[in-house]
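This is coords-v1.cif. It holds mmCIF, C-alpha atoms and all ligand atoms.
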```
data_data
#
loop_
_atom_site.label_atom_id
_atom_site.label_comp_id
_atom_site.auth_asym_id
_atom_site.auth_seq_id
_atom_site.Cartn_x
_atom_site.Cartn_y
_atom_site.Cartn_z
CA MET G 18 0.00 0.00 0.00
CA GLY G 19 1.25 3.47 0.76
CA SER G 20 -0.48 5.17 -2.14
CA LEU G 21 -2.74 8.18 -1.86
CA SER G 22 -5.58 6.25 -3.47
CA GLY G 23 -8.96 7.30 -2.08
CA ARG G 24 -7.45 9.79 0.36
CA ARG G 25 -9.22 13.11 0.71
CA ILE G 26 -6.95 16.10 0.60
CA VAL G 27 -7.92 19.71 1.23
CA LEU G 28 -5.22 21.68 -0.59
CA GLY G 29 -4.72 25.18 0.76
CA VAL G 30 -3.00 27.50 -1.73
CA THR G 31 -1.66 30.80 -0.43
CA GLY G 32 -0.22 33.95 -2.03
CA SER G 33 3.32 33.01 -2.93
CA ILE G 34 4.86 33.01 -6.41
CA ALA G 35 5.16 29.24 -5.87
CA ALA G 36 1.35 29.10 -6.18
CA TYR G 37 1.90 28.49 -9.90
CA LYS G 38 3.32 25.10 -8.91
CA SER G 39 0.13 24.16 -7.04
CA ALA G 40 -1.40 23.17 -10.39
CA LEU G 41 1.27 20.45 -10.57
CA VAL G 42 0.66 19.53 -6.93
CA VAL G 43 -3.03 18.96 -7.74
CA ARG G 44 -2.07 16.85 -10.77
CA GLU G 45 0.38 14.73 -8.78
CA LEU G 46 -2.20 14.07 -6.06
CA VAL G 47 -5.07 13.33 -8.47
CA LYS G 48 -2.82 11.05 -10.53
CA ALA G 49 -2.02 9.13 -7.34
CA GLY G 50 -5.75 8.54 -6.83
CA ALA G 51 -6.50 11.21 -4.20
CA GLN G 52 -9.58 13.41 -4.14
CA VAL G 53 -8.56 17.04 -3.93
CA ARG G 54 -10.56 20.10 -2.93
CA VAL G 55 -8.77 23.41 -3.23
CA VAL G 56 -9.12 26.37 -0.89
CA MET G 57 -7.26 29.51 -2.00
CA THR G 58 -6.46 32.64 -0.05
CA PRO G 59 -7.38 35.88 -1.87
CA GLY G 60 -3.63 36.48 -2.31
CA ALA G 61 -3.16 33.18 -4.13
CA LYS G 62 -5.54 34.32 -6.86
CA GLU G 63 -2.97 36.94 -7.87
CA PHE G 64 -0.71 34.08 -8.96
CA ILE G 65 -2.99 31.36 -10.32
CA THR G 66 -6.66 31.27 -11.25
CA PRO G 67 -9.36 29.24 -9.50
CA LEU G 68 -10.34 28.01 -12.97
CA THR G 69 -6.99 26.23 -13.37
CA LEU G 70 -7.13 24.53 -9.99
CA GLY G 71 -10.86 23.81 -10.25
CA THR G 72 -10.43 22.13 -13.62
CA LEU G 73 -7.48 20.02 -12.49
CA SER G 74 -9.06 18.98 -9.19
CA GLY G 75 -12.53 18.40 -10.65
CA HIS G 76 -14.10 20.31 -7.75
CA ALA G 77 -15.22 23.90 -7.26
CA VAL G 78 -12.50 26.04 -5.69
CA HIS G 79 -13.34 28.09 -2.60
CA SER G 80 -11.64 31.26 -1.48
CA GLU G 81 -14.19 33.46 0.28
CA LEU G 82 -16.15 32.94 3.47
CA THR G 83 -19.13 34.55 1.74
CA GLN G 84 -20.31 32.65 -1.33
CA ASP G 85 -23.07 34.85 -2.63
CA ARG G 86 -23.51 38.14 -0.80
CA ASP G 87 -26.99 38.81 -2.22
CA ALA G 88 -28.25 35.31 -1.57
CA GLY G 89 -26.68 35.39 1.91
CA THR G 90 -24.83 32.08 1.42
CA TRP G 91 -21.45 31.20 2.87
CA THR G 92 -18.79 28.57 2.31
CA ASP G 93 -19.09 25.83 4.91
CA HIS G 94 -15.54 25.81 6.28
CA VAL G 95 -16.49 23.31 8.98
CA GLU G 96 -17.72 20.83 6.37
CA LEU G 97 -14.52 21.32 4.35
CA GLY G 98 -12.36 20.85 7.43
CA LEU G 99 -14.18 17.66 8.39
CA TRP G 100 -14.16 16.28 4.84
CA GLY G 101 -10.39 16.00 4.55
CA ASP G 102 -8.13 13.19 5.71
CA VAL G 103 -5.45 15.89 5.69
CA VAL G 104 -5.15 19.60 5.00
CA LEU G 105 -2.05 20.29 2.91
CA VAL G 106 -1.02 23.94 2.65
CA ALA G 107 1.27 24.26 -0.38
CA PRO G 108 2.63 26.82 -0.81
CA ALA G 109 2.41 28.10 2.78
CA THR G 110 3.40 31.76 3.10
CA ALA G 111 4.91 33.35 6.21
CA HIS G 112 1.59 35.20 6.55
CA THR G 113 -0.58 32.07 6.62
CA LEU G 114 1.89 30.24 8.89
CA SER G 115 1.71 33.06 11.43
CA GLY G 116 -2.10 33.09 11.13
CA MET G 117 -2.10 29.37 11.91
CA VAL G 118 0.09 29.89 14.97
CA GLU G 119 -2.13 32.68 16.26
CA GLY G 120 -5.32 30.81 15.44
CA ARG G 121 -6.59 33.71 13.31
CA GLY G 122 -9.65 33.25 11.13
CA ASP G 123 -9.33 36.09 8.63
CA SER G 124 -9.32 33.93 5.50
CA LEU G 125 -11.46 30.96 4.51
CA LEU G 126 -8.35 28.76 4.59
CA LEU G 127 -7.53 29.77 8.17
CA THR G 128 -11.08 28.97 9.28
CA VAL G 129 -10.86 25.60 7.54
CA LEU G 130 -7.61 24.96 9.43
CA LEU G 131 -9.27 25.94 12.70
CA SER G 132 -12.22 23.60 12.04
CA ALA G 133 -10.19 20.66 10.75
CA LYS G 134 -9.99 17.60 12.98
CA CYS G 135 -7.57 15.91 10.60
CA PRO G 136 -3.77 16.31 10.52
CA VAL G 137 -2.14 19.25 8.77
CA VAL G 138 0.91 19.35 6.50
CA VAL G 139 2.57 22.56 5.28
CA ALA G 140 5.06 23.17 2.48
CA PRO G 141 6.51 26.63 3.20
CA ALA G 142 7.58 28.89 0.34
CA MET G 143 9.20 32.27 0.80
CA ASP G 144 12.30 34.27 0.19
CA ARG G 145 15.57 33.20 1.87
CA ASP G 146 15.64 35.95 4.48
CA MET G 147 11.95 35.54 5.33
CA PHE G 148 12.46 31.81 5.79
CA SER G 149 15.52 32.26 8.02
CA HIS G 150 13.85 35.03 10.07
CA ALA G 151 13.44 34.19 13.75
CA ALA G 152 9.66 34.74 13.49
CA THR G 153 9.30 32.07 10.79
CA THR G 154 11.59 29.67 12.66
CA GLU G 155 9.53 30.15 15.83
CA ASN G 156 6.23 29.79 13.98
CA LEU G 157 7.31 26.55 12.31
CA GLY G 158 8.57 25.30 15.69
CA ALA G 159 5.21 26.08 17.29
CA LEU G 160 3.33 24.32 14.49
CA ARG G 161 5.57 21.26 14.73
CA GLN G 162 4.85 21.18 18.47
CA ARG G 163 1.16 20.94 17.62
CA GLY G 164 1.81 17.99 15.33
CA VAL G 165 1.88 19.82 12.00
CA HIS G 166 4.23 18.12 9.53
CA VAL G 167 6.54 20.50 7.68
CA ILE G 168 7.77 19.63 4.19
CA GLU G 169 11.08 21.47 4.18
CA PRO G 170 11.63 23.92 1.33
CA ASP G 171 14.45 23.36 -1.15
CA THR G 172 17.63 25.36 -1.38
CA GLY G 173 18.27 27.02 -4.72
CA GLU G 174 17.48 29.97 -6.89
CA LEU G 175 14.58 32.07 -5.59
CA ALA G 176 12.14 34.33 -7.43
CA SER G 177 13.85 37.35 -5.85
CA GLY G 178 17.09 36.44 -7.60
CA LEU G 179 18.69 35.42 -4.29
CA THR G 180 19.96 31.94 -3.73
CA GLY G 181 19.11 30.09 -0.50
CA LYS G 182 16.54 28.02 1.34
CA GLY G 183 12.87 28.89 0.81
CA ARG G 184 11.88 27.45 -2.54
CA MET G 185 8.76 25.29 -2.18
CA ALA G 186 9.50 21.58 -2.45
CA GLU G 187 8.88 20.24 -5.95
CA PRO G 188 5.34 18.82 -6.43
CA GLU G 189 6.73 15.31 -6.87
CA ARG G 190 8.55 15.50 -3.52
CA ILE G 191 5.40 16.88 -1.86
CA ARG G 192 3.48 13.86 -3.12
CA GLN G 193 6.20 11.46 -1.98
CA GLU G 194 6.48 12.98 1.51
CA LEU G 195 2.73 13.08 1.91
CA THR G 196 2.48 9.41 0.91
CA GLU G 197 5.23 8.44 3.35
CA TRP G 198 3.71 10.56 6.08
CA PHE G 199 0.30 8.91 5.58
CA ARG G 200 1.96 5.50 5.74
CA ILE G 201 3.46 6.32 9.12
CA GLN G 202 0.66 8.41 10.62
CA ALA G 203 -2.39 6.57 9.40
CA PRO G 204 -1.27 3.18 8.07
CA LEU G 205 -4.82 1.81 8.07
CA MET G 206 -6.44 4.70 6.21
CA GLY G 207 -9.07 3.36 3.81
CA TYR G 208 -9.72 0.19 5.84
CA ARG G 209 -12.91 -0.33 7.81
CA ALA G 210 -13.69 -2.07 11.11
CA LEU G 211 -16.96 -3.28 12.59
CA ILE G 212 -16.84 -3.52 16.39
CA THR G 213 -19.51 -4.72 18.80
CA SER G 214 -18.80 -3.56 22.35
CA GLY G 215 -20.17 -3.18 25.86
CA PRO G 216 -22.87 -5.12 27.68
CA THR G 217 -26.42 -5.71 26.55
CA ARG G 218 -29.56 -5.19 28.61
CA GLU G 219 -32.37 -7.68 28.21
CA PRO G 220 -35.65 -6.30 29.55
CA ILE G 221 -37.70 -8.21 32.12
CA ASP G 222 -40.19 -5.34 32.11
CA SER G 223 -40.02 -1.65 31.20
CA VAL G 224 -37.68 -0.92 34.14
CA ARG G 225 -35.88 -4.12 35.13
CA PHE G 226 -33.37 -5.89 32.97
CA ILE G 227 -30.80 -8.67 32.92
CA GLY G 228 -27.35 -7.24 32.28
CA ASN G 229 -23.70 -7.86 33.01
CA ARG G 230 -20.62 -6.12 34.38
CA SER G 231 -19.03 -5.10 31.08
CA SER G 232 -17.98 -1.42 31.11
CA GLY G 233 -17.29 -1.10 27.38
CA ARG G 234 -13.75 0.17 28.13
CA GLN G 235 -11.84 -2.42 26.14
CA GLY G 236 -14.04 -2.01 23.07
CA ALA G 237 -13.81 1.79 23.23
CA ALA G 238 -10.01 1.61 23.51
CA ILE G 239 -9.86 -0.63 20.41
CA ALA G 240 -12.18 1.66 18.41
CA LEU G 241 -10.08 4.72 19.28
CA GLU G 242 -6.77 2.99 18.52
CA LEU G 243 -7.97 1.80 15.09
CA ALA G 244 -9.46 5.23 14.29
CA HIS G 245 -6.15 6.89 15.22
CA ARG G 246 -4.46 4.60 12.73
CA GLY G 247 -6.81 5.88 10.04
CA MET G 248 -9.57 3.27 10.03
CA LEU G 249 -13.25 3.99 9.72
CA VAL G 250 -14.95 2.27 12.61
CA ASP G 251 -18.60 1.23 12.84
CA PHE G 252 -18.91 0.99 16.59
CA ILE G 253 -22.03 -0.75 17.87
CA SER G 254 -22.15 -0.19 21.61
CA GLY G 255 -24.38 -1.53 24.34
CA PRO G 256 -25.05 0.83 27.29
CA SER G 257 -21.66 2.32 28.22
CA SER G 258 -20.63 5.72 29.49
CA VAL G 259 -17.14 5.47 27.96
CA ALA G 260 -16.68 8.18 25.29
CA THR G 261 -15.42 7.37 21.79
CA ASP G 262 -15.24 10.82 20.19
CA HIS G 263 -13.28 10.63 16.94
CA PRO G 264 -14.33 11.65 13.42
CA GLY G 265 -13.44 8.13 12.20
CA ILE G 266 -15.85 6.44 14.60
CA GLN G 267 -19.49 6.04 13.72
CA ARG G 268 -21.16 5.03 16.95
CA ILE G 269 -24.54 3.41 17.22
CA ASP G 270 -25.86 2.94 20.76
CA VAL G 271 -28.11 -0.04 21.40
CA GLU G 272 -29.62 -1.77 24.42
CA THR G 273 -30.48 -5.38 23.65
CA ALA G 274 -28.69 -8.21 21.85
CA MET G 275 -31.38 -8.18 19.16
CA ASP G 276 -30.82 -4.42 18.61
CA MET G 277 -27.06 -5.01 18.49
CA LYS G 278 -27.49 -7.75 15.90
CA ALA G 279 -29.73 -5.56 13.73
CA ALA G 280 -27.34 -2.59 13.96
CA ALA G 281 -24.28 -4.76 13.18
CA GLU G 282 -25.98 -6.34 10.18
CA ALA G 283 -27.11 -2.94 8.88
CA ALA G 284 -23.52 -1.61 9.18
CA LEU G 285 -22.19 -4.67 7.36
CA LYS G 286 -24.73 -4.25 4.54
CA ASN G 287 -23.76 -0.60 4.20
CA ALA G 288 -20.03 -1.33 3.82
CA MET G 289 -17.89 -4.46 3.88
CA PRO G 290 -15.59 -4.37 6.92
CA ASP G 291 -11.93 -5.38 6.61
CA THR G 292 -12.04 -6.61 10.18
CA THR G 293 -14.83 -7.60 12.57
CA ILE G 294 -14.09 -7.41 16.29
CA GLY G 295 -16.61 -8.80 18.76
CA VAL G 296 -15.73 -7.38 22.16
CA ALA G 297 -19.32 -7.12 23.36
CA ALA G 298 -20.44 -9.11 26.38
CA VAL G 299 -23.68 -10.15 24.75
CA ALA G 300 -26.30 -11.70 27.04
CA ASP G 301 -26.67 -15.34 26.04
CA VAL G 302 -30.36 -15.40 26.93
CA ARG G 303 -33.23 -12.93 27.20
CA PRO G 304 -36.64 -13.02 28.89
CA ALA G 305 -39.02 -14.60 26.40
CA HIS G 306 -41.95 -12.32 27.24
CA PRO G 307 -40.82 -8.91 28.52
CA ILE G 308 -43.65 -7.23 30.41
CA ASP G 309 -44.88 -3.87 29.22
CA GLY G 310 -44.94 -1.47 32.20
CA LYS G 311 -43.66 -2.01 35.75
CA PRO G 312 -45.48 -4.73 37.63
CA ALA G 313 -45.58 -4.33 41.43
CA LYS G 314 -43.43 -6.65 43.51
CA SER G 315 -46.47 -8.80 44.32
CA GLU G 316 -47.25 -9.18 40.61
CA LEU G 317 -43.81 -10.38 39.62
CA PRO G 318 -43.66 -13.96 38.34
CA ASP G 319 -41.79 -16.59 40.36
CA ALA G 320 -39.80 -17.62 37.31
CA ILE G 321 -38.90 -15.90 34.07
CA GLU G 322 -38.95 -17.91 30.90
CA MET G 323 -35.79 -17.32 28.87
CA VAL G 324 -34.89 -17.80 25.21
CA GLY G 325 -31.43 -17.91 23.69
CA ASN G 326 -29.99 -14.89 21.92
CA PRO G 327 -28.45 -15.33 18.49
CA ASP G 328 -24.66 -15.27 18.28
CA ILE G 329 -24.03 -11.85 16.75
CA LEU G 330 -20.38 -12.36 15.87
CA ALA G 331 -20.97 -15.74 14.22
CA GLY G 332 -23.82 -14.15 12.26
CA ILE G 333 -21.84 -11.20 10.93
CA ASN G 334 -18.77 -13.34 10.26
CA ALA G 335 -20.92 -15.58 8.06
CA LEU G 336 -21.91 -12.53 6.01
CA ALA G 337 -18.46 -10.89 5.92
CA SER G 338 -15.91 -11.43 3.17
CA PRO G 339 -13.56 -14.44 3.48
CA ALA G 340 -10.72 -11.89 3.36
CA CYS G 341 -12.08 -10.06 6.43
CA PHE G 342 -9.93 -10.54 9.55
CA LYS G 343 -12.39 -11.81 12.16
CA VAL G 344 -11.67 -11.42 15.86
CA GLY G 345 -13.74 -12.59 18.81
CA PHE G 346 -13.22 -12.11 22.54
CA ALA G 347 -13.73 -14.81 25.11
CA LEU G 348 -13.90 -14.37 28.84
CA ALA G 349 -13.01 -17.48 30.80
CA HIS G 350 -13.01 -18.33 34.49
CA GLY G 351 -9.85 -20.35 34.38
CA ASP G 352 -7.48 -21.33 31.62
CA GLY G 353 -10.05 -21.24 28.80
CA LYS G 354 -7.66 -22.12 25.96
CA ALA G 355 -9.60 -25.22 24.90
CA ALA G 356 -12.85 -23.23 24.87
CA ALA G 357 -11.17 -20.43 22.89
CA LEU G 358 -10.04 -22.93 20.26
CA ARG G 359 -13.60 -24.25 20.00
CA LYS G 360 -14.97 -20.71 19.61
CA LEU G 361 -12.46 -20.00 16.87
CA THR G 362 -14.24 -22.54 14.68
CA ALA G 363 -17.78 -22.13 16.01
CA LYS G 364 -17.78 -18.37 15.41
CA ASN G 365 -15.78 -18.55 12.17
CA CYS G 366 -13.04 -16.36 13.70
CA ASP G 367 -9.39 -15.98 12.65
CA MET G 368 -8.35 -15.11 16.18
CA ILE G 369 -9.83 -15.21 19.68
CA VAL G 370 -8.65 -12.76 22.31
CA LEU G 371 -8.84 -14.73 25.50
CA ASN G 372 -9.00 -13.09 28.90
CA SER G 373 -9.70 -14.71 32.21
CA ILE G 374 -11.43 -13.28 35.26
CA ALA G 375 -9.11 -15.58 37.22
CA ASP G 376 -6.22 -13.24 36.30
CA LYS G 377 -5.85 -10.40 38.79
CA GLY G 378 -6.67 -7.05 37.16
CA ALA G 379 -8.17 -8.58 34.02
CA GLY G 380 -11.65 -8.47 32.54
CA PHE G 381 -14.71 -6.50 33.64
CA GLU G 382 -14.53 -3.31 35.71
CA HIS G 383 -10.75 -3.02 35.50
CA THR G 384 -8.67 -0.49 33.60
CA THR G 385 -6.14 -3.26 32.91
CA ASN G 386 -6.37 -6.56 31.08
CA ARG G 387 -4.26 -9.66 30.45
CA VAL G 388 -4.89 -11.46 27.21
CA ASP G 389 -3.78 -14.30 24.94
CA PHE G 390 -4.20 -14.08 21.18
CA VAL G 391 -5.39 -17.52 20.12
CA HIS G 392 -4.75 -18.03 16.40
CA GLY G 393 -4.95 -21.82 16.49
CA PRO G 394 -3.62 -24.79 18.45
CA ASP G 395 -0.07 -24.08 17.29
CA ARG G 396 -0.05 -20.35 17.83
CA ILE G 397 -1.12 -18.71 21.08
CA ASP G 398 0.60 -15.41 21.90
CA SER G 399 0.52 -14.47 25.60
CA PHE G 400 0.81 -10.88 26.83
CA GLU G 401 1.58 -9.29 30.19
CA LEU G 402 -1.01 -7.48 32.31
CA LYS G 403 -1.32 -3.99 30.80
CA THR G 404 -3.77 -1.12 30.39
CA LYS G 405 -6.76 -1.71 28.13
CA GLU G 406 -5.31 0.98 25.83
CA ALA G 407 -2.06 -1.01 25.53
CA VAL G 408 -4.02 -4.21 24.83
CA ALA G 409 -5.87 -2.26 22.11
CA ALA G 410 -2.51 -1.26 20.60
CA ASP G 411 -1.34 -4.91 20.56
CA LEU G 412 -4.58 -5.93 18.85
CA ALA G 413 -4.28 -3.04 16.37
CA ASP G 414 -0.70 -4.19 15.56
CA GLU G 415 -2.06 -7.64 14.70
CA VAL G 416 -4.96 -6.19 12.66
CA GLN G 417 -2.42 -4.02 10.83
CA ARG G 418 -0.13 -6.97 10.05
CA GLN G 419 -3.10 -8.84 8.59
CA LEU G 420 -4.68 -6.00 6.62
CA LEU G 421 -1.59 -4.43 5.07
CA GLN G 422 -1.05 -7.64 3.11
CA ARG G 423 -3.98 -6.69 0.87
CA PRO G 424 -5.89 -3.58 -0.28
CA PRO G 425 -9.10 -2.47 1.47
CA LEU G 426 -12.15 -4.55 0.55
CA GLU G 427 -14.12 -1.47 -0.37
CA GLN G 428 -13.31 2.17 -1.14
CA SER G 429 -14.59 3.92 1.94
CA GLY G 430 -17.76 5.63 0.84
CA ARG G 431 -17.95 8.41 3.40
O1 LIG G 501 -19.51 -17.69 23.49
P1 LIG G 501 -19.00 -16.46 24.16
O2 LIG G 501 -20.10 -15.60 24.70
O3 LIG G 501 -17.94 -16.69 25.14
O4 LIG G 501 -18.30 -15.70 22.95
C1 LIG G 501 -17.66 -14.51 23.10
C2 LIG G 501 -17.52 -13.81 21.78
O5 LIG G 501 -18.69 -13.94 20.99
C3 LIG G 501 -17.35 -12.31 21.95
O6 LIG G 501 -16.56 -11.85 20.89
C4 LIG G 501 -18.76 -11.80 21.88
O7 LIG G 501 -18.79 -10.45 21.47
C5 LIG G 501 -19.38 -12.73 20.86
N1 LIG G 501 -20.80 -13.02 21.11
C6 LIG G 501 -21.73 -12.53 20.22
N2 LIG G 501 -23.06 -12.82 20.41
C7 LIG G 501 -23.46 -13.60 21.43
C8 LIG G 501 -22.52 -14.10 22.31
C9 LIG G 501 -21.19 -13.81 22.13
O8 LIG G 501 -21.39 -11.82 19.31
N3 LIG G 501 -24.74 -13.85 21.56
#
```

Structure re-expressed in structure tokens:
Amino acid sequence: MGSLSGRRIVLGVTGSIAAYKSALVVRELVKAGAQVRVVMTPGAKEFITPLTLGTLSGHAVHSELTQDRDAGTWTDHVELGLWGDVVLVAPATAHTLSGMVEGRGDSLLLTVLLSAKCPVVVAPAMDRDMFSHAATTENLGALRQRGVHVIEPDTGELASGLTGKGRMAEPERIRQELTEWFRIQAPLMGYRALITSGPTREPIDSVRFIGNRSSGRQGAAIALELAHRGMLVDFISGPSSVATDHPGIQRIDVETAMDMKAAAEAALKNAMPDTTIGVAAVADVRPAHPIDGKPAKSELPDAIEMVGNPDILAGINALASPACFKVGFALAHGDGKAAALRKLTAKNCDMIVLNSIADKGAGFEHTTNRVDFVHGPDRIDSFELKTKEAVAADLADEVQRQLLQRPPLEQSGR
């Protein structure tokens, strides 16, 4: 992998003479399969026309906060900021860089940058003395501190006639660095996960339910870790107060096992996942006839008839692609390895993450967990007790090893 295929790039073009090269930047990115939407500062239009960049990118170019003064319409900078997998500012002038540091919003591009939740990359372009000025050095330092990636300018002949560092990197190098940066920052961009997480609640009546001690912490940690690595995550969660705020996570909250099954199947129909991860502690049974309303204590039945719940993970795994990497969790009381091996086949999984409530600090209601990755009788990887976030990182490493051997099953249709 490592290509820009399917990646969504907001290209910010600012008022430097190097703006003429942004036409080639657009071409390089489009040729590599990226979708590009251009935002220009008013200054950039002195150097290159919106028509050029609009034609090459295949999308309308935006430069003003107000779209049509008479109609009272405006350019939705928030939507633009949220659309991109990255905002690339090339060329980035000293003026725009300082605006970024200050958090100013006096151009459409700066407001897009303030709204963007995605990473930002800048390719500075300016004259030698402007580039070596302490203000520019400090501004670039501050941006780097905030996680902005800087594509260093080249050294050579400048438009002013001077020779030195400040010439915007060539479009081909910008594409190469961006590709490499994506590979490192978001190696799983374009891949999709379907996660079921948390407990389920099976109603006895309108108030009482049968539930379990799952907090949803492990599932949330996995969803966040995969989203940080660039994946789109359909996260189907039973009742859990653990937050999973990330633009890559689409969360659907459910209560019962039947709701969880319906939501998981709907997500799978909407887009083929590259990996399914069943972390949910799904109730195995539910009251057969939940009572509408709240019966008084004296009216409660002596026994509640139960029916079995369907196995959600086995169900979605049967519908998923054979190439999908399918992971189930299993909570055991003791050793549990034999049971995990049985579940591997019964649930059509490629791997079972086994944890045992016999291990101190593992399982429900803990912030730590101790797991084994059961791939088959000949391969069981055991891990130390660690935080649920660290367990999520180990699992994400395994998912990554599996998925990077092949392209995503489906172009993410966000
Ligand atoms: O059989 P057991 O409940 O131990 O299986 C655990 C695994 O199966 C977990 O990944 C859990 O999310 C999934 N599961 C499921 N639907 C059920 C029961 C378990 O998806 N009804």

Skip range 321-324 of chain G itself and residues of its chain fewer than 2 positions away, then list as a PyMOL selection string all residues within 9 Å of it, counting only C-alpha atoms. chain G and resi 221+301-306+318-319+326

Which residues come within 10 Å of Gly181 in chain G, counting all atoms listed in the file, excluding same-chain residues fewer than 2 positions away, as an mmCIF file with C-alpha atoms, in the coordinates of the input?
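Output file result.cif is given in full below:
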```
data_model
loop_
_atom_site.group_PDB
_atom_site.id
_atom_site.type_symbol
_atom_site.label_atom_id
_atom_site.label_comp_id
_atom_site.auth_asym_id
_atom_site.auth_seq_id
_atom_site.Cartn_x
_atom_site.Cartn_y
_atom_site.Cartn_z
ATOM 1 C CA ASP G 144 12.300 34.270 0.190
ATOM 2 C CA ARG G 145 15.570 33.200 1.870
ATOM 3 C CA ASP G 146 15.640 35.950 4.480
ATOM 4 C CA PHE G 148 12.460 31.810 5.790
ATOM 5 C CA SER G 149 15.520 32.260 8.020
ATOM 6 C CA PRO G 170 11.630 23.920 1.330
ATOM 7 C CA ASP G 171 14.450 23.360 -1.150
ATOM 8 C CA THR G 172 17.630 25.360 -1.380
ATOM 9 C CA GLY G 173 18.270 27.020 -4.720
ATOM 10 C CA GLU G 174 17.480 29.970 -6.890
ATOM 11 C CA LEU G 175 14.580 32.070 -5.590
ATOM 12 C CA GLY G 178 17.090 36.440 -7.600
ATOM 13 C CA LEU G 179 18.690 35.420 -4.290
ATOM 14 C CA GLY G 183 12.870 28.890 0.810
ATOM 15 C CA ARG G 184 11.880 27.450 -2.540
#
```

Distance query Arg387 in chain G at most 10 Å, all atoms listed in the file, self and fewer than 6 positions along chain excluded, as a list in words: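 Here the answer would be Val370, Leu371, Asn372, Ser373, Ile374, Asp376, Lys377, Gly378, Ala379, Gly380, Ser399, Phe400, Glu401, Leu402, Lys403, Thr404, Lys405 and Val408 of chain G.
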
Expected answer as a ChimeraX atom specification: residues within 9 Å of ligand LIG 501 (chain G), all atoms listed in the file: /G:212-215,274,277-278,294-302,325-333,344-349,356-357,360,363-364,369-370

Compare G:Ser132, G:Thr217, G:Ser33, G:Thr293 by their minimum atom-to-atom distance to Ser231 in chain G, counting only C-alpha atoms, and give me the closest one.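 When distances to Ser231 in chain G are compared using only C-alpha atoms, the smallest one comes from G:Thr217.
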
Calculated over all atoms listed in the file, which of the candidates G:Leu97, G:Ala35, G:Leu358, G:Leu243 has the smallest distance to Arg54 in chain G?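 Among the listed residues, G:Leu97 lies closest to Arg54 in chain G.
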
Find the residues near Ala240 in chain G: any atom within 10 Å, counting all atoms listed in the file, skip ones fewer than 6 places away on the same chain, and give them as a PDB file with C-alpha atoms, keeping the file's coordinate frame.
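Dumped everything to around_7.pdb:
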```pdb
ATOM      1  CA  ALA G 210     -13.690  -2.070  11.110  1.00  0.00           C
ATOM      2  CA  LEU G 211     -16.960  -3.280  12.590  1.00  0.00           C
ATOM      3  CA  ILE G 212     -16.840  -3.520  16.390  1.00  0.00           C
ATOM      4  CA  THR G 213     -19.510  -4.720  18.800  1.00  0.00           C
ATOM      5  CA  SER G 214     -18.800  -3.560  22.350  1.00  0.00           C
ATOM      6  CA  ARG G 234     -13.750   0.170  28.130  1.00  0.00           C
ATOM      7  CA  MET G 248      -9.570   3.270  10.030  1.00  0.00           C
ATOM      8  CA  LEU G 249     -13.250   3.990   9.720  1.00  0.00           C
ATOM      9  CA  VAL G 250     -14.950   2.270  12.610  1.00  0.00           C
ATOM     10  CA  ASP G 251     -18.600   1.230  12.840  1.00  0.00           C
ATOM     11  CA  PHE G 252     -18.910   0.990  16.590  1.00  0.00           C
ATOM     12  CA  THR G 261     -15.420   7.370  21.790  1.00  0.00           C
ATOM     13  CA  ASP G 262     -15.240  10.820  20.190  1.00  0.00           C
ATOM     14  CA  HIS G 263     -13.280  10.630  16.940  1.00  0.00           C
ATOM     15  CA  GLY G 265     -13.440   8.130  12.200  1.00  0.00           C
ATOM     16  CA  ILE G 266     -15.850   6.440  14.600  1.00  0.00           C
ATOM     17  CA  GLN G 267     -19.490   6.040  13.720  1.00  0.00           C
ATOM     18  CA  ARG G 268     -21.160   5.030  16.950  1.00  0.00           C
ATOM     19  CA  ILE G 294     -14.090  -7.410  16.290  1.00  0.00           C
ATOM     20  CA  ALA G 409      -5.870  -2.260  22.110  1.00  0.00           C
ATOM     21  CA  ALA G 413      -4.280  -3.040  16.370  1.00  0.00           C
TER      22      ALA G 413
END
```

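Taking CA of Pro424 in chain G and CA of Gly23 in chain G as the two end points, the separation is 11.4 Å.
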
Between CA of Gly207 in chain G and CA of Leu336 in chain G, measure the distance and give it in Å to one decimal.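 Spanning CA of Gly207 in chain G to CA of Leu336 in chain G is a straight-line distance of 20.5 Å.
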
What gap, in Å, lies between CA of Val95 in chain G and CA of Pro59 in chain G?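 That distance, rounded to one decimal, is 18.9 Å.
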
Could you tell me which of G:His112, G:His150, G:Arg44, G:Arg359 comes closest to Gly60 in chain G if we count all atoms listed in the file? G:His112

Contact residues around Thr113 in chain G with all atoms listed in the file at 10 Å, ignoring same-chain residues under 3 positions, as an MDAnalysis selection string: chainID G and resid 29:32 58 106 108:110 116:119 121 123:124 126:127 141

Counting only C-alpha atoms, which of G:Leu285, G:Leu361, G:Ala355, G:Leu241 gets nearest to Ala337 in chain G? G:Leu285

Looking at G:Thr83, G:Thr92, G:Ser115, G:Gln235, which one is nearest to Val388 in chain G, with distances taken over only C-alpha atoms? G:Gln235

Measuring atom to atom with all atoms listed in the file, identify which of G:Phe390, G:Ile239, G:Leu205, G:Phe381 is nearest to Leu420 in chain G.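 Among G:Phe390, G:Ile239, G:Leu205, G:Phe381, it is G:Leu205 that comes nearest to Leu420 in chain G.
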